[in-house]
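Asks: Handing over final_28.cif, mmCIF, C-alpha atoms and all ligand atoms.
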data_model
loop_
_atom_site.label_atom_id
_atom_site.label_comp_id
_atom_site.auth_asym_id
_atom_site.auth_seq_id
_atom_site.Cartn_x
_atom_site.Cartn_y
_atom_site.Cartn_z
CA MET A 1 -51.37 2.22 28.57
CA LYS A 2 -54.84 2.20 30.12
CA GLU A 3 -57.47 0.67 27.85
CA LEU A 4 -60.70 2.37 26.84
CA ALA A 5 -63.55 0.29 28.26
CA TYR A 6 -66.88 1.95 27.51
CA CYS A 7 -68.50 4.06 24.80
CA HIS A 8 -68.54 7.74 25.80
CA LYS A 9 -71.95 8.23 24.15
CA CYS A 10 -73.97 5.25 25.35
CA GLY A 11 -71.85 3.50 27.96
CA THR A 12 -71.78 0.15 26.14
CA GLU A 13 -68.66 -1.96 26.54
CA LEU A 14 -66.43 -1.42 23.54
CA GLU A 15 -65.24 -4.14 21.22
CA SER A 16 -62.19 -4.32 19.03
CA ARG A 17 -62.54 -4.14 15.26
CA LYS A 18 -60.07 -3.82 12.44
CA HIS A 19 -60.70 -0.58 10.56
CA GLU A 20 -58.38 1.53 8.42
CA GLU A 21 -55.40 -0.76 8.86
CA ARG A 22 -55.46 -1.17 12.61
CA GLU A 23 -57.42 -2.54 15.55
CA ARG A 24 -59.73 0.12 16.94
CA TYR A 25 -62.43 0.45 19.57
CA TYR A 26 -65.92 -0.15 18.23
CA CYS A 27 -69.29 0.43 19.90
CA PRO A 28 -71.75 -2.30 18.81
CA GLU A 29 -74.70 -0.24 20.14
CA CYS A 30 -73.85 2.96 18.20
CA SER A 31 -72.27 1.02 15.31
CA GLU A 32 -69.42 3.48 15.36
CA ILE A 33 -65.67 3.38 15.67
CA ARG A 34 -64.51 5.15 18.81
CA TYR A 35 -61.28 6.78 17.72
CA ARG A 36 -58.58 7.38 20.25
CA ASN A 37 -56.37 10.37 19.49
CA SER A 38 -53.34 11.96 21.05
CA VAL A 39 -53.97 15.15 22.98
CA PRO A 40 -52.37 18.50 22.11
CA VAL A 41 -50.40 20.42 24.69
CA ALA A 42 -48.55 23.73 24.34
CA GLY A 43 -45.78 25.25 26.41
CA VAL A 44 -42.85 27.66 26.47
CA PHE A 45 -39.17 27.32 27.25
CA VAL A 46 -38.09 30.70 28.66
CA VAL A 47 -34.37 31.06 27.96
CA ARG A 48 -31.95 33.19 30.00
CA GLY A 49 -28.38 32.79 28.71
CA ASP A 50 -27.62 29.07 28.91
CA GLU A 51 -30.54 28.29 31.22
CA VAL A 52 -34.23 27.45 30.76
CA LEU A 53 -37.06 27.99 33.19
CA LEU A 54 -38.56 24.71 34.36
CA ILE A 55 -41.45 24.07 36.71
CA LYS A 56 -41.90 21.34 39.28
CA ARG A 57 -45.16 19.52 38.60
CA GLY A 58 -47.65 19.66 41.44
CA ASN A 59 -50.05 17.04 40.07
CA GLU A 60 -49.99 13.55 38.60
CA PRO A 61 -48.81 12.27 36.26
CA HIS A 62 -45.12 12.90 36.93
CA LYS A 63 -45.85 14.79 40.15
CA ASN A 64 -42.71 16.41 41.64
CA GLU A 65 -40.80 16.03 38.40
CA TRP A 66 -39.43 19.00 36.46
CA SER A 67 -40.95 19.89 33.13
CA TYR A 68 -41.46 22.92 30.90
CA PRO A 69 -44.44 25.19 31.63
CA ALA A 70 -47.15 23.64 29.48
CA GLY A 71 -50.70 22.36 29.52
CA TYR A 72 -53.67 21.13 27.55
CA LEU A 73 -55.10 23.37 24.90
CA GLU A 74 -58.65 24.55 25.35
CA PHE A 75 -61.04 23.38 22.63
CA ASP A 76 -60.82 26.59 20.56
CA GLU A 77 -57.33 27.72 21.51
CA LYS A 78 -54.40 28.16 19.11
CA PRO A 79 -51.17 26.53 20.36
CA GLU A 80 -49.36 29.85 20.87
CA GLU A 81 -52.33 31.22 22.83
CA GLY A 82 -52.35 28.17 25.09
CA ALA A 83 -48.57 28.37 25.50
CA VAL A 84 -48.60 31.95 26.84
CA ARG A 85 -51.63 31.21 29.02
CA GLU A 86 -49.93 28.22 30.62
CA LEU A 87 -46.71 30.20 31.06
CA LYS A 88 -48.65 32.88 32.93
CA GLU A 89 -50.56 30.36 35.07
CA GLU A 90 -47.52 28.31 36.05
CA THR A 91 -44.77 30.95 36.35
CA SER A 92 -46.60 34.35 36.46
CA LEU A 93 -44.52 35.53 33.48
CA THR A 94 -46.30 37.15 30.59
CA ALA A 95 -45.10 36.85 27.00
CA ASP A 96 -46.39 38.17 23.69
CA GLN A 97 -47.54 35.39 21.36
CA LYS A 98 -45.74 37.17 18.52
CA GLU A 99 -42.39 36.75 20.29
CA LEU A 100 -42.72 32.97 20.47
CA GLU A 101 -40.75 30.69 18.20
CA LEU A 102 -41.72 27.05 17.68
CA VAL A 103 -38.80 24.82 18.69
CA THR A 104 -40.05 21.28 18.32
CA THR A 105 -42.83 18.89 19.25
CA ILE A 106 -42.54 16.65 22.30
CA HIS A 107 -44.39 13.33 22.21
CA LEU A 108 -44.91 11.93 25.71
CA GLU A 109 -46.68 8.88 27.11
CA HIS A 110 -49.05 9.45 30.02
CA PRO A 111 -50.86 6.61 31.85
CA ASP A 112 -54.03 6.95 29.77
CA LYS A 113 -52.97 8.77 26.62
CA TYR A 114 -50.21 10.20 24.48
CA VAL A 115 -49.72 13.96 24.52
CA VAL A 116 -48.11 16.01 21.77
CA GLY A 117 -46.42 19.13 23.07
CA ASN A 118 -46.05 22.18 20.87
CA ALA A 119 -42.87 23.53 22.44
CA TYR A 120 -42.18 27.21 21.91
CA THR A 121 -39.36 29.36 23.17
CA VAL A 122 -38.95 32.99 24.14
CA SER A 123 -36.06 34.97 25.60
CA PHE A 124 -36.48 35.90 29.27
CA ASP A 125 -35.76 39.53 28.21
CA GLN A 126 -38.99 39.46 26.21
CA THR A 127 -41.12 38.39 29.17
CA GLU A 128 -42.61 40.53 31.91
CA GLY A 129 -43.41 39.92 35.54
CA GLU A 130 -41.88 38.26 38.56
CA ILE A 131 -41.41 34.51 38.55
CA LYS A 132 -43.82 32.85 40.93
CA ALA A 133 -44.95 29.23 40.65
CA GLY A 134 -48.71 28.83 40.41
CA SER A 135 -51.59 26.65 39.18
CA ASP A 136 -50.34 23.05 39.04
CA ALA A 137 -46.67 24.08 39.38
CA LYS A 138 -45.20 24.04 42.88
CA ASP A 139 -41.81 25.54 41.99
CA ALA A 140 -40.10 27.33 39.09
CA GLU A 141 -36.35 27.52 38.55
CA PHE A 142 -33.79 28.26 35.85
CA LEU A 143 -31.59 25.25 35.07
CA THR A 144 -28.72 24.65 32.68
CA VAL A 145 -28.70 21.58 30.43
CA GLU A 146 -25.86 20.17 32.58
CA GLU A 147 -27.98 20.58 35.72
CA MET A 148 -30.89 18.87 33.98
CA ARG A 149 -28.67 15.96 32.89
CA SER A 150 -27.29 15.57 36.42
CA LYS A 151 -30.81 14.95 37.72
CA VAL A 152 -32.35 13.23 34.75
CA SER A 153 -34.53 10.99 36.96
CA GLN A 154 -36.22 14.13 38.32
CA ILE A 155 -37.02 15.44 34.82
CA GLU A 156 -40.31 14.33 33.27
CA SER A 157 -38.56 12.92 30.18
CA PRO A 158 -35.14 13.10 28.51
CA LYS A 159 -37.07 14.59 25.59
CA ILE A 160 -37.57 17.71 27.72
CA ILE A 161 -33.79 18.08 28.02
CA GLU A 162 -33.28 17.69 24.27
CA ALA A 163 -35.96 20.28 23.57
CA ALA A 164 -34.46 22.64 26.16
CA GLU A 165 -31.09 22.44 24.41
CA GLU A 166 -32.75 23.24 21.11
CA ALA A 167 -34.60 26.19 22.71
CA ILE A 168 -31.35 27.60 24.11
CA ARG A 169 -29.73 27.32 20.66
CA THR A 170 -32.74 28.97 19.02
CA VAL A 171 -32.85 31.97 21.34
CA ASN A 172 -29.09 32.52 21.33
CA ARG A 173 -29.02 32.33 17.52
CA GLN A 174 -31.49 35.21 17.40
CA GLY A 175 -28.94 37.31 19.34
ZN ZN B 1 -72.10 3.63 22.01
#
Could you rewrite the structure in this file as structure tokens?
Ligand SMILES: [Zn+2]
Replies:
Amino acid sequence: MKELAYCHKCGTELESRKHEERERYYCPECSEIRYRNSVPVAGVFVVRGDEVLLIKRGNEPHKNEWSYPAGYLEFDEKPEEGAVRELKEETSLTADQKELELVTTIHLEHPDKYVVGNAYTVSFDQTEGEIKAGSDAKDAEFLTVEEMRSKVSQIESPKIIEAAEEAIRTVNRQG
């Protein structure tokens, strides 16, 4: 994991200081702890029968690996709003926020931070539009869990496969 080096307010080199039970970054100039938090992400597994729609990532990290359509939340955005926005940007499909069901959270390590994915699901029947990869996705395809397992090294994380399985169960339970 990349270390934080400088204070984002004043540019002073950060020190380490024990505070609230763990070592944290501390700016001696501002006399403030510089907290480092995980970053929220939201996305949607679109389920069609026993398949989920995955996108091929066009940018680092994990460029060229398959993941679920997802992205960082804007400052004032609710997770379900961000999830449908990212779905639209990356696959061209539109979905109603009210049709989304929360499946799980996906905690992933990136080179400089941890991201916490709010993973929703929706049935493909409930979406509108033609699938077309866009934004930072270079491809979009439906895959079964077996297909995902057979190319696990090309999937961003095994956690994506576990979540996809749970999404498929969730949508098929709804009938
Ligand atoms: Zn500072």
Asks: As a quick test: using all atoms listed in the file, which residues lie no more than 10 Å away from ligand ZN 1 (chain B)? Give them as a list in words.
Replies: Tyr6, Cys7, His8, Lys9, Cys10, Gly11, Thr12, Glu13, Leu14, Tyr26, Cys27, Pro28, Glu29, Cys30, Ser31, Glu32, Ile33 and Arg34 of chain A
Asks: I need the residue nearest Glu141 in chain A from this list: A:Pro79, A:Pro61, A:Pro40, A:Pro69. Use all atoms listed in the file for the distance.
Replies: A:Pro69
Asks: So which one's closest to Leu4 in chain A, A:Lys88, A:Lys113, A:Arg22, A:Lys78? Using all atoms listed in the file, please.
Replies: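 Answer, going by the shortest atom-to-atom distance: A:Lys113.
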Asks: So which residues fall inside 7 Å of (-42.0, 27.0, 26.6) if we count all atoms listed in the file? Mind giving them as a PyMOL selection string?
Replies: chain A and resi 43-46+68-70+83+119-121
Asks: Residues at most 12 Å from Gln174 in chain A, counting all atoms listed in the file, excluding those fewer than 5 positions away in the same chain, as a PyMOL selection string?
Replies: chain A and resi 47+49+99-101+121-123+167-169
Asks: Would you mind listing what lies within 12 Å of Glu128 in chain A as a list in words, with all atoms listed in the file counted and same-chain residues fewer than 3 positions away left out?
Replies: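 Everything that qualifies: Val46, Val84, Leu87, Lys88, Thr91, Ser92, Leu93, Thr94, Ala95, Asp96, Val122, Ser123, Phe124, Asp125, Ile131 and Lys132 of chain A.
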Asks: Rounded to one decimal in Å, what is the spacing between CA of Lys138 in chain A and CA of Glu65 in chain A?
Replies: 10.2 Å
Asks: Quick one: residues within 12 Å of His107 in chain A, only C-alpha atoms counted, chain neighbours fewer than 3 positions away excluded, as a compact mmCIF listing (two decimals) with C-alpha atoms, in the frame of the given file?
Replies:
# COMPACT_ATOMS: atom_id res chain seq x y z
CA SER A 38 -53.34 11.96 21.05
CA VAL A 39 -53.97 15.15 22.98
CA PRO A 40 -52.37 18.50 22.11
CA VAL A 41 -50.40 20.42 24.69
CA ALA A 42 -48.55 23.73 24.34
CA THR A 104 -40.05 21.28 18.32
CA HIS A 110 -49.05 9.45 30.02
CA LYS A 113 -52.97 8.77 26.62
CA TYR A 114 -50.21 10.20 24.48
CA VAL A 115 -49.72 13.96 24.52
CA VAL A 116 -48.11 16.01 21.77
CA GLY A 117 -46.42 19.13 23.07
CA ASN A 118 -46.05 22.18 20.87
CA ALA A 119 -42.87 23.53 22.44
CA GLU A 156 -40.31 14.33 33.27
CA SER A 157 -38.56 12.92 30.18
CA PRO A 158 -35.14 13.10 28.51
CA LYS A 159 -37.07 14.59 25.59
CA ILE A 160 -37.57 17.71 27.72
CA ALA A 163 -35.96 20.28 23.57
Asks: In Å, with one decimal, what is the gap from CA of Phe142 in chain A to CA of Arg48 in chain A?
Replies: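 CA of Arg48 in chain A lies at a distance of 7.9 Å from CA of Phe142 in chain A.
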Asks: List as a PDB file with C-alpha atoms, keeping the file's coordinate frame the protein and nucleic acid residues near Ile161 in chain A, meaning an atom at most 12 Å away when all atoms listed in the file are counted, but skip any in the same chain fewer than 5 places from it.
Replies:
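Saved the output as around_23.pdb:
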ATOM      1  CA  PHE A  45     -39.170  27.320  27.250  1.00  0.00           C
ATOM      2  CA  GLU A  51     -30.540  28.290  31.220  1.00  0.00           C
ATOM      3  CA  VAL A  52     -34.230  27.450  30.760  1.00  0.00           C
ATOM      4  CA  LEU A  53     -37.060  27.990  33.190  1.00  0.00           C
ATOM      5  CA  LEU A  54     -38.560  24.710  34.360  1.00  0.00           C
ATOM      6  CA  TRP A  66     -39.430  19.000  36.460  1.00  0.00           C
ATOM      7  CA  SER A  67     -40.950  19.890  33.130  1.00  0.00           C
ATOM      8  CA  TYR A  68     -41.460  22.920  30.900  1.00  0.00           C
ATOM      9  CA  THR A 104     -40.050  21.280  18.320  1.00  0.00           C
ATOM     10  CA  ILE A 106     -42.540  16.650  22.300  1.00  0.00           C
ATOM     11  CA  ALA A 119     -42.870  23.530  22.440  1.00  0.00           C
ATOM     12  CA  LEU A 143     -31.590  25.250  35.070  1.00  0.00           C
ATOM     13  CA  THR A 144     -28.720  24.650  32.680  1.00  0.00           C
ATOM     14  CA  VAL A 145     -28.700  21.580  30.430  1.00  0.00           C
ATOM     15  CA  GLU A 146     -25.860  20.170  32.580  1.00  0.00           C
ATOM     16  CA  GLU A 147     -27.980  20.580  35.720  1.00  0.00           C
ATOM     17  CA  MET A 148     -30.890  18.870  33.980  1.00  0.00           C
ATOM     18  CA  ARG A 149     -28.670  15.960  32.890  1.00  0.00           C
ATOM     19  CA  SER A 150     -27.290  15.570  36.420  1.00  0.00           C
ATOM     20  CA  LYS A 151     -30.810  14.950  37.720  1.00  0.00           C
ATOM     21  CA  VAL A 152     -32.350  13.230  34.750  1.00  0.00           C
ATOM     22  CA  SER A 153     -34.530  10.990  36.960  1.00  0.00           C
ATOM     23  CA  GLN A 154     -36.220  14.130  38.320  1.00  0.00           C
ATOM     24  CA  ILE A 155     -37.020  15.440  34.820  1.00  0.00           C
ATOM     25  CA  GLU A 156     -40.310  14.330  33.270  1.00  0.00           C
ATOM     26  CA  GLU A 166     -32.750  23.240  21.110  1.00  0.00           C
ATOM     27  CA  ALA A 167     -34.600  26.190  22.710  1.00  0.00           C
ATOM     28  CA  ILE A 168     -31.350  27.600  24.110  1.00  0.00           C
TER      29      ILE A 168
END
Asks: May I ask for the distance between CA of Glu3 in chain A and CA of Glu60 in chain A, given in Å to one decimal place?
Replies: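 Straight-line distance from CA of Glu3 in chain A to CA of Glu60 in chain A works out to 18.4 Å.
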Asks: Choose the residue, out of A:Asp50, A:Ser135, A:Ala164, A:Glu21, that has the smallest atom-to-atom separation from Arg85 in chain A; count all atoms listed in the file.
Replies: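 Closest to Arg85 in chain A of all the choices is A:Ser135.
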Asks: Here is a test: counting only C-alpha atoms, which residue of A:Gly129, A:Gly82, A:Gly134, A:Pro111 is nearest to Lys56 in chain A?
Replies: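 Of A:Gly129, A:Gly82, A:Gly134, A:Pro111, the one nearest Lys56 in chain A, counting only C-alpha atoms, is A:Gly134.
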